[in-house]
Amino acid sequence: MDDDTPDGIDRDAAQVLVGRWLELWNGEIEIADEIISPDNRVHAALFDGGDGSAVGGVSGMKQLVSQLRSLLTDLVFSVEVGPVIDGDHVAIRWVATGHYGGAMPGAGAPAGTEVTFHGTDILRLRAHLVVDYWFNADSLDLMGQLRVGG
């Protein structure tokens, strides 16, 4: 693949965006103002059972990140695979580690329980802003570590 295609993003720009994306998920919430499109849409199965369609724009992404970080306040995301670039899409496989803060209803794990879980993010970009975000996290693994429902 060309590193500089007219209909896509080059590898250097993808690396920069992924670095900023990780900073956002690692707690630098204000970065959303710089990398998320006001038209951003989220496509995912969320912890609350929603499909992500109610999460939109910059403020929606800030809320999504903040909600997860309220449960796992010292969460650190890092890239395991990627970025993989296809036209205007960038994909990464990530791992997140941190400690449970003790605030999830139905969780039997004590506050301070260490957790590690994985997922995949696909970002569609326009003018170097995220306009679509698909994610798939291993929520079953995370819920098992938090002893939800058990």
# chains A, B, ... in the order shown; residues from 1 in each chain; ligands from 1

$ residues_around --residues "stretch 98-101 of chain A" --least-positions-apart "5" --cutoff "10 Å" --atoms "only C-alpha atoms" --output "PyMOL selection string"
chain A and resi 69-77+107+109-117+145-146

$ residues_around --residues "stretch 31-46 of chain A" --least-positions-apart "2" --cutoff "10 Å" --atoms "only C-alpha atoms" --output "CSV table (one decimal) with all heavy atoms, in the first residue's frame"
chain,number,residue,atom,x,y,z
A,17,LEU,N,-2.1,10.0,15.1
A,17,LEU,CA,-3.5,9.9,15.5
A,17,LEU,C,-3.6,8.9,16.6
A,17,LEU,O,-4.3,9.1,17.6
A,17,LEU,CB,-4.4,9.7,14.4
A,17,LEU,CG,-5.9,9.5,14.9
A,17,LEU,CD1,-6.5,10.9,15.1
A,17,LEU,CD2,-6.7,8.7,14.0
A,20,ARG,N,-2.4,10.1,19.9
A,20,ARG,CA,-3.4,11.0,20.5
A,20,ARG,C,-4.6,10.2,21.0
A,20,ARG,O,-5.1,10.6,22.1
A,20,ARG,CB,-3.8,12.1,19.5
A,20,ARG,CG,-2.6,12.9,18.9
A,20,ARG,CD,-2.0,13.8,20.0
A,20,ARG,NE,-2.8,14.9,20.2
A,20,ARG,CZ,-2.8,15.7,21.3
A,20,ARG,NH1,-1.9,15.5,22.2
A,20,ARG,NH2,-3.6,16.7,21.4
A,21,TRP,N,-5.0,9.2,20.3
A,21,TRP,CA,-6.2,8.4,20.7
A,21,TRP,C,-5.9,7.7,22.0
A,21,TRP,O,-6.7,7.7,22.9
A,21,TRP,CB,-6.4,7.4,19.6
A,21,TRP,CG,-7.6,6.5,19.7
A,21,TRP,CD1,-7.6,5.2,20.1
A,21,TRP,CD2,-9.0,6.8,19.6
A,21,TRP,NE1,-8.9,4.7,20.1
A,21,TRP,CE2,-9.7,5.7,19.9
A,21,TRP,CE3,-9.7,8.0,19.3
A,21,TRP,CZ2,-11.1,5.7,19.8
A,21,TRP,CZ3,-11.0,8.0,19.3
A,21,TRP,CH2,-11.8,6.8,19.5
A,22,LEU,N,-4.7,7.2,22.1
A,22,LEU,CA,-4.3,6.5,23.4
A,22,LEU,C,-4.3,7.5,24.5
A,22,LEU,O,-4.7,7.2,25.7
A,22,LEU,CB,-2.9,5.8,23.3
A,22,LEU,CG,-2.9,4.6,22.5
A,22,LEU,CD1,-1.5,4.0,22.4
A,22,LEU,CD2,-3.9,3.5,23.0
A,23,GLU,N,-3.7,8.7,24.3
A,23,GLU,CA,-3.7,9.8,25.3
A,23,GLU,C,-5.1,10.1,25.8
A,23,GLU,O,-5.4,10.2,27.0
A,23,GLU,CB,-3.1,11.1,24.8
A,23,GLU,CG,-1.6,11.0,24.5
A,23,GLU,CD,-1.0,12.2,23.9
A,23,GLU,OE1,-1.6,13.3,24.1
A,23,GLU,OE2,0.0,12.1,23.1
A,24,LEU,N,-6.1,10.2,24.8
A,24,LEU,CA,-7.5,10.4,25.2
A,24,LEU,C,-8.0,9.3,26.1
A,24,LEU,O,-8.5,9.6,27.2
A,24,LEU,CB,-8.4,10.4,23.9
A,24,LEU,CG,-9.9,10.4,24.2
A,24,LEU,CD1,-10.4,11.6,24.9
A,24,LEU,CD2,-10.6,10.2,22.8
A,25,TRP,N,-7.8,8.0,25.7
A,25,TRP,CA,-8.3,6.9,26.5
A,25,TRP,C,-7.5,6.7,27.8
A,25,TRP,O,-8.0,6.2,28.8
A,25,TRP,CB,-8.3,5.6,25.7
A,25,TRP,CG,-9.5,5.6,24.8
A,25,TRP,CD1,-9.5,5.9,23.5
A,25,TRP,CD2,-10.8,5.3,25.2
A,25,TRP,NE1,-10.8,5.8,23.1
A,25,TRP,CE2,-11.6,5.4,24.1
A,25,TRP,CE3,-11.4,4.8,26.4
A,25,TRP,CZ2,-13.0,5.1,24.1
A,25,TRP,CZ3,-12.8,4.6,26.4
A,25,TRP,CH2,-13.6,4.7,25.3
A,27,GLY,N,-6.8,9.2,29.7
A,27,GLY,CA,-7.3,10.2,30.7
A,27,GLY,C,-7.1,11.6,30.3
A,27,GLY,O,-7.6,12.5,31.0
A,28,GLU,N,-6.5,11.9,29.1
A,28,GLU,CA,-6.4,13.3,28.7
A,28,GLU,C,-7.7,13.6,27.9
A,28,GLU,O,-7.6,13.8,26.7
A,28,GLU,CB,-5.1,13.4,27.8
A,28,GLU,CG,-3.9,13.1,28.5
A,28,GLU,CD,-3.5,14.0,29.7
A,28,GLU,OE1,-3.9,15.2,29.6
A,28,GLU,OE2,-3.0,13.5,30.7
A,29,ILE,N,-8.8,13.8,28.6
A,29,ILE,CA,-10.1,14.0,28.0
A,29,ILE,C,-10.2,15.1,27.0
A,29,ILE,O,-10.8,15.0,26.0
A,29,ILE,CB,-11.2,14.1,29.1
A,29,ILE,CG1,-11.1,12.9,30.1
A,29,ILE,CG2,-12.6,14.3,28.5
A,29,ILE,CD1,-11.4,11.6,29.5
A,48,ASP,N,-23.9,-0.8,29.1
A,48,ASP,CA,-25.2,-0.6,29.5
A,48,ASP,C,-26.3,-1.3,28.6
A,48,ASP,O,-27.5,-1.1,28.8
A,48,ASP,CB,-25.5,0.9,29.7
A,48,ASP,CG,-25.5,1.6,28.4
A,48,ASP,OD1,-25.3,1.0,27.3
A,48,ASP,OD2,-25.7,2.9,28.4
A,49,GLY,N,-25.8,-2.0,27.6
A,49,GLY,CA,-26.7,-2.7,26.7
A,49,GLY,C,-27.0,-1.9,25.4
A,49,GLY,O,-27.6,-2.4,24.5
A,50,GLY,N,-26.6,-0.6,25.4
A,50,GLY,CA,-26.8,0.2,24.2
A,50,GLY,C,-25.9,-0.1,23.1
A,50,GLY,O,-24.9,-0.8,23.2
A,51,ASP,N,-26.3,0.4,21.9
A,51,ASP,CA,-25.5,0.1,20.7
A,51,ASP,C,-24.5,1.2,20.3
A,51,ASP,O,-23.9,1.1,19.2
A,51,ASP,CB,-26.4,-0.2,19.5
A,51,ASP,CG,-27.3,1.0,19.1
A,51,ASP,OD1,-27.1,2.1,19.7
A,51,ASP,OD2,-28.1,0.8,18.2
A,52,GLY,N,-24.4,2.2,21.1
A,52,GLY,CA,-23.5,3.3,20.8
A,52,GLY,C,-24.1,4.4,20.0
A,52,GLY,O,-23.5,5.5,19.9
A,53,SER,N,-25.3,4.2,19.5
A,53,SER,CA,-25.9,5.3,18.6
A,53,SER,C,-26.2,6.5,19.3
A,53,SER,O,-26.3,7.6,18.7
A,53,SER,CB,-27.1,4.7,17.9
A,53,SER,OG,-28.1,4.3,18.8
A,54,ALA,N,-26.4,6.4,20.7
A,54,ALA,CA,-26.7,7.6,21.5
A,54,ALA,C,-25.5,8.4,21.8
A,54,ALA,O,-25.6,9.5,22.3
A,54,ALA,CB,-27.4,7.2,22.8
A,55,VAL,N,-24.3,7.9,21.5
A,55,VAL,CA,-23.0,8.5,21.8
A,55,VAL,C,-22.6,9.2,20.5
A,55,VAL,O,-22.3,8.6,19.5
A,55,VAL,CB,-21.9,7.5,22.2
A,55,VAL,CG1,-20.6,8.2,22.5
A,55,VAL,CG2,-22.4,6.7,23.4
A,56,GLY,N,-22.5,10.5,20.5
A,56,GLY,CA,-22.1,11.2,19.3
A,56,GLY,C,-21.3,12.5,19.6
A,56,GLY,O,-21.4,13.1,20.7
A,57,GLY,N,-20.5,12.9,18.6
A,57,GLY,CA,-19.8,14.1,18.7
A,57,GLY,C,-18.7,14.1,19.8
A,57,GLY,O,-18.4,13.0,20.4
A,58,VAL,N,-18.1,15.2,20.0
A,58,VAL,CA,-17.0,15.4,20.9
A,58,VAL,C,-17.5,15.1,22.3
A,58,VAL,O,-16.8,14.4,23.1
A,58,VAL,CB,-16.4,16.8,20.8
A,58,VAL,CG1,-15.3,17.0,21.8
A,58,VAL,CG2,-15.8,17.0,19.4
A,59,SER,N,-18.6,15.7,22.7
A,59,SER,CA,-19.1,15.5,24.1
A,59,SER,C,-19.4,14.1,24.4
A,59,SER,O,-19.2,13.6,25.5
A,59,SER,CB,-20.3,16.5,24.4
A,59,SER,OG,-21.4,16.1,23.6
A,60,GLY,N,-20.0,13.4,23.4
A,60,GLY,CA,-20.3,12.0,23.6
A,60,GLY,C,-19.1,11.1,23.9
A,60,GLY,O,-19.1,10.2,24.7
A,61,MET,N,-18.0,11.4,23.1
A,61,MET,CA,-16.8,10.7,23.3
A,61,MET,C,-16.2,11.0,24.7
A,61,MET,O,-15.7,10.1,25.4
A,61,MET,CB,-15.8,11.0,22.2
A,61,MET,CG,-16.0,10.2,21.0
A,61,MET,SD,-15.9,8.4,21.2
A,61,MET,CE,-14.2,8.2,21.8
A,62,LYS,N,-16.2,12.2,25.1
A,62,LYS,CA,-15.7,12.6,26.4
A,62,LYS,C,-16.5,11.8,27.5
A,62,LYS,O,-15.9,11.3,28.4
A,62,LYS,CB,-15.8,14.1,26.6
A,62,LYS,CG,-14.8,14.9,25.9
A,62,LYS,CD,-15.0,16.4,26.2
A,62,LYS,CE,-14.0,17.3,25.5
A,62,LYS,NZ,-14.2,18.7,25.8
A,64,LEU,N,-18.1,9.0,27.2
A,64,LEU,CA,-17.8,7.5,27.1
A,64,LEU,C,-16.5,7.2,27.8
A,64,LEU,O,-16.4,6.3,28.6
A,64,LEU,CB,-17.7,7.1,25.6
A,64,LEU,CG,-17.5,5.6,25.3
A,64,LEU,CD1,-18.6,4.8,25.9
A,64,LEU,CD2,-17.3,5.4,23.8
A,65,VAL,N,-15.5,8.0,27.5
A,65,VAL,CA,-14.1,7.8,28.1
A,65,VAL,C,-14.2,8.0,29.6
A,65,VAL,O,-13.7,7.2,30.4
A,65,VAL,CB,-13.1,8.7,27.4
A,65,VAL,CG1,-11.8,8.6,28.2
A,65,VAL,CG2,-12.9,8.3,26.0
A,121,ASP,N,-10.1,-1.3,18.1
A,121,ASP,CA,-10.8,-0.1,17.7
A,121,ASP,C,-10.6,0.1,16.2
A,121,ASP,O,-9.4,-0.1,15.7
A,121,ASP,CB,-10.2,1.1,18.4
A,121,ASP,CG,-10.5,1.2,19.8
A,121,ASP,OD1,-11.4,0.5,20.3
A,121,ASP,OD2,-9.9,2.1,20.5
A,122,ILE,N,-11.6,0.5,15.5
A,122,ILE,CA,-11.5,0.9,14.1
A,122,ILE,C,-12.0,2.3,14.0
A,122,ILE,O,-13.1,2.7,14.5
A,122,ILE,CB,-12.4,0.0,13.2
A,122,ILE,CG1,-11.9,-1.5,13.3
A,122,ILE,CG2,-12.3,0.5,11.7
A,122,ILE,CD1,-12.8,-2.4,12.6
A,123,LEU,N,-11.2,3.2,13.4
A,123,LEU,CA,-11.5,4.6,13.3
A,123,LEU,C,-11.6,5.0,11.9
A,123,LEU,O,-10.7,4.6,11.1
A,123,LEU,CB,-10.4,5.5,14.0
A,123,LEU,CG,-9.9,5.0,15.4
A,123,LEU,CD1,-8.7,5.8,15.8
A,123,LEU,CD2,-11.0,5.2,16.4
A,124,ARG,N,-12.7,5.7,11.5
A,124,ARG,CA,-12.7,6.3,10.1
A,124,ARG,C,-12.5,7.7,10.3
A,124,ARG,O,-13.0,8.4,11.1
A,124,ARG,CB,-14.1,6.0,9.5
A,124,ARG,CG,-14.1,6.5,8.0
A,124,ARG,CD,-15.4,6.1,7.3
A,124,ARG,NE,-16.5,6.9,7.8
A,124,ARG,CZ,-16.9,8.1,7.4
A,124,ARG,NH1,-16.2,8.8,6.5
A,124,ARG,NH2,-17.9,8.7,7.9
A,125,LEU,N,-11.5,8.2,9.4
A,125,LEU,CA,-11.1,9.6,9.5
A,125,LEU,C,-11.5,10.4,8.3
A,125,LEU,O,-11.7,9.9,7.2
A,125,LEU,CB,-9.5,9.6,9.6
A,125,LEU,CG,-8.9,8.6,10.6
A,125,LEU,CD1,-7.4,8.7,10.5
A,125,LEU,CD2,-9.4,9.0,12.0
A,126,ARG,N,-11.7,11.7,8.6
A,126,ARG,CA,-12.0,12.7,7.6
A,126,ARG,C,-11.3,13.9,8.1
A,126,ARG,O,-11.5,14.4,9.2
A,126,ARG,CB,-13.5,12.9,7.4
A,126,ARG,CG,-13.8,13.9,6.3
A,126,ARG,CD,-15.3,14.1,6.0
A,126,ARG,NE,-15.9,14.6,7.2
A,126,ARG,CZ,-17.0,14.1,7.7
A,126,ARG,NH1,-17.6,13.0,7.1
A,126,ARG,NH2,-17.6,14.6,8.8
A,127,ALA,N,-10.4,14.5,7.3
A,127,ALA,CA,-9.6,15.7,7.6
A,127,ALA,C,-8.9,15.5,9.0
A,127,ALA,O,-8.8,16.3,9.8
A,127,ALA,CB,-10.5,16.9,7.7
A,128,HIS,N,-8.3,14.2,9.1
A,128,HIS,CA,-7.6,13.9,10.3
A,128,HIS,C,-8.4,13.9,11.6
A,128,HIS,O,-7.8,14.1,12.7
A,128,HIS,CB,-6.3,14.7,10.5
A,128,HIS,CG,-5.4,14.5,9.3
A,128,HIS,ND1,-4.6,13.3,9.2
A,128,HIS,CD2,-5.1,15.2,8.2
A,128,HIS,CE1,-3.9,13.4,8.1
A,128,HIS,NE2,-4.2,14.5,7.5
A,129,LEU,N,-9.7,13.8,11.5
A,129,LEU,CA,-10.6,13.7,12.7
A,129,LEU,C,-11.3,12.4,12.6
A,129,LEU,O,-11.7,11.9,11.6
A,129,LEU,CB,-11.6,14.9,12.7
A,129,LEU,CG,-11.0,16.3,12.8
A,129,LEU,CD1,-12.2,17.3,12.7
A,129,LEU,CD2,-10.3,16.5,14.2
A,130,VAL,N,-11.6,11.9,13.8
A,130,VAL,CA,-12.4,10.6,13.9
A,130,VAL,C,-13.9,10.9,13.6
A,130,VAL,O,-14.5,11.7,14.4
A,130,VAL,CB,-12.2,9.9,15.3
A,130,VAL,CG1,-13.1,8.7,15.4
A,130,VAL,CG2,-10.7,9.6,15.5
A,131,VAL,N,-14.4,10.3,12.6
A,131,VAL,CA,-15.9,10.6,12.3
A,131,VAL,C,-16.7,9.3,12.6
A,131,VAL,O,-17.9,9.4,12.7
A,131,VAL,CB,-16.1,11.0,10.8
A,131,VAL,CG1,-15.5,12.4,10.6
A,131,VAL,CG2,-15.5,10.0,9.8
A,132,ASP,N,-16.1,8.2,12.6
A,132,ASP,CA,-16.8,6.9,13.0
A,132,ASP,C,-15.8,6.1,13.9
A,132,ASP,O,-14.6,6.1,13.6
A,132,ASP,CB,-17.1,6.1,11.8
A,132,ASP,CG,-18.4,6.6,11.1
A,132,ASP,OD1,-19.5,6.5,11.7
A,132,ASP,OD2,-18.3,7.0,10.0
A,133,TYR,N,-16.4,5.5,14.9
A,133,TYR,CA,-15.6,4.7,15.9
A,133,TYR,C,-16.3,3.4,16.1
A,133,TYR,O,-17.4,3.4,16.7
A,133,TYR,CB,-15.4,5.5,17.2
A,133,TYR,CG,-14.8,4.8,18.3
A,133,TYR,CD1,-13.8,3.9,18.2
A,133,TYR,CD2,-15.3,5.0,19.6
A,133,TYR,CE1,-13.3,3.2,19.2
A,133,TYR,CE2,-14.7,4.4,20.7
A,133,TYR,CZ,-13.7,3.4,20.5
A,133,TYR,OH,-13.2,2.7,21.6
A,134,TRP,N,-15.7,2.3,15.7
A,134,TRP,CA,-16.2,1.0,16.0
A,134,TRP,C,-15.3,0.4,17.1
A,134,TRP,O,-14.0,0.5,16.9
A,134,TRP,CB,-16.2,0.1,14.8
A,134,TRP,CG,-17.1,0.5,13.7
A,134,TRP,CD1,-18.4,0.0,13.5
A,134,TRP,CD2,-16.9,1.4,12.6
A,134,TRP,NE1,-18.9,0.5,12.4
A,134,TRP,CE2,-18.0,1.4,11.8
A,134,TRP,CE3,-15.8,2.2,12.3
A,134,TRP,CZ2,-18.1,2.2,10.7
A,134,TRP,CZ3,-15.9,2.9,11.1
A,134,TRP,CH2,-17.0,2.9,10.3
A,135,PHE,N,-15.8,-0.2,18.1
A,135,PHE,CA,-15.0,-0.9,19.0
A,135,PHE,C,-15.6,-2.2,19.5
A,135,PHE,O,-16.8,-2.3,19.6
A,135,PHE,CB,-14.5,0.0,20.2
A,135,PHE,CG,-15.5,0.2,21.3
A,135,PHE,CD1,-15.5,-0.6,22.4
A,135,PHE,CD2,-16.3,1.3,21.3
A,135,PHE,CE1,-16.4,-0.3,23.4
A,135,PHE,CE2,-17.2,1.6,22.3
A,135,PHE,CZ,-17.2,0.7,23.4
A,136,ASN,N,-14.7,-3.1,19.8
A,136,ASN,CA,-15.1,-4.4,20.3
A,136,ASN,C,-14.1,-4.7,21.4
A,136,ASN,O,-13.0,-4.9,21.2
A,136,ASN,CB,-15.0,-5.4,19.2
A,136,ASN,CG,-15.4,-6.8,19.6
A,136,ASN,OD1,-15.7,-7.0,20.8
A,136,ASN,ND2,-15.5,-7.7,18.6
A,137,ALA,N,-14.6,-4.7,22.7
A,137,ALA,CA,-13.8,-5.0,23.8
A,137,ALA,C,-14.2,-6.4,24.4
A,137,ALA,O,-15.4,-6.8,24.2
A,137,ALA,CB,-14.0,-4.0,24.9
A,139,SER,N,-15.5,-7.6,26.9
A,139,SER,CA,-16.3,-7.2,28.0
A,139,SER,C,-16.6,-8.4,28.9
A,139,SER,O,-16.7,-8.3,30.2
A,139,SER,CB,-17.6,-6.6,27.6
A,139,SER,OG,-17.4,-5.4,26.8

$ residues_around --residues "A:Gly149" --least-positions-apart "6" --cutoff "9 Å" --atoms "only C-alpha atoms" --output "short mmCIF file (atom, residue, chain, number, x, y, z; two decimals) with C-alpha atoms, in the first residue's frame"
data_model
loop_
_atom_site.label_atom_id
_atom_site.label_comp_id
_atom_site.auth_asym_id
_atom_site.auth_seq_id
_atom_site.Cartn_x
_atom_site.Cartn_y
_atom_site.Cartn_z
CA GLY A 106 -23.47 -5.93 40.76
CA ALA A 107 -19.69 -6.37 40.80
CA GLY A 108 -18.39 -8.69 43.51
CA MET A 143 -16.98 -8.62 33.77
#

$ select_by_dssp --residues "chain A" --states "alpha helix (DSSP H)" --output "MDAnalysis selection string"
chainID A and resid 11:25 32:35 57:71 139:145

$ closest_residue --among "A:Gly119, A:Gly144, A:Pro83, A:Pro105" --to "A:Val16" --atoms "only C-alpha atoms"
A:Pro83

$ select_by_dssp --residues "chain A" --states "strand (DSSP E or B)" --output "ChimeraX atom specification"
/A:36-43,56,76-86,89-99,107,114-126,129-137,148
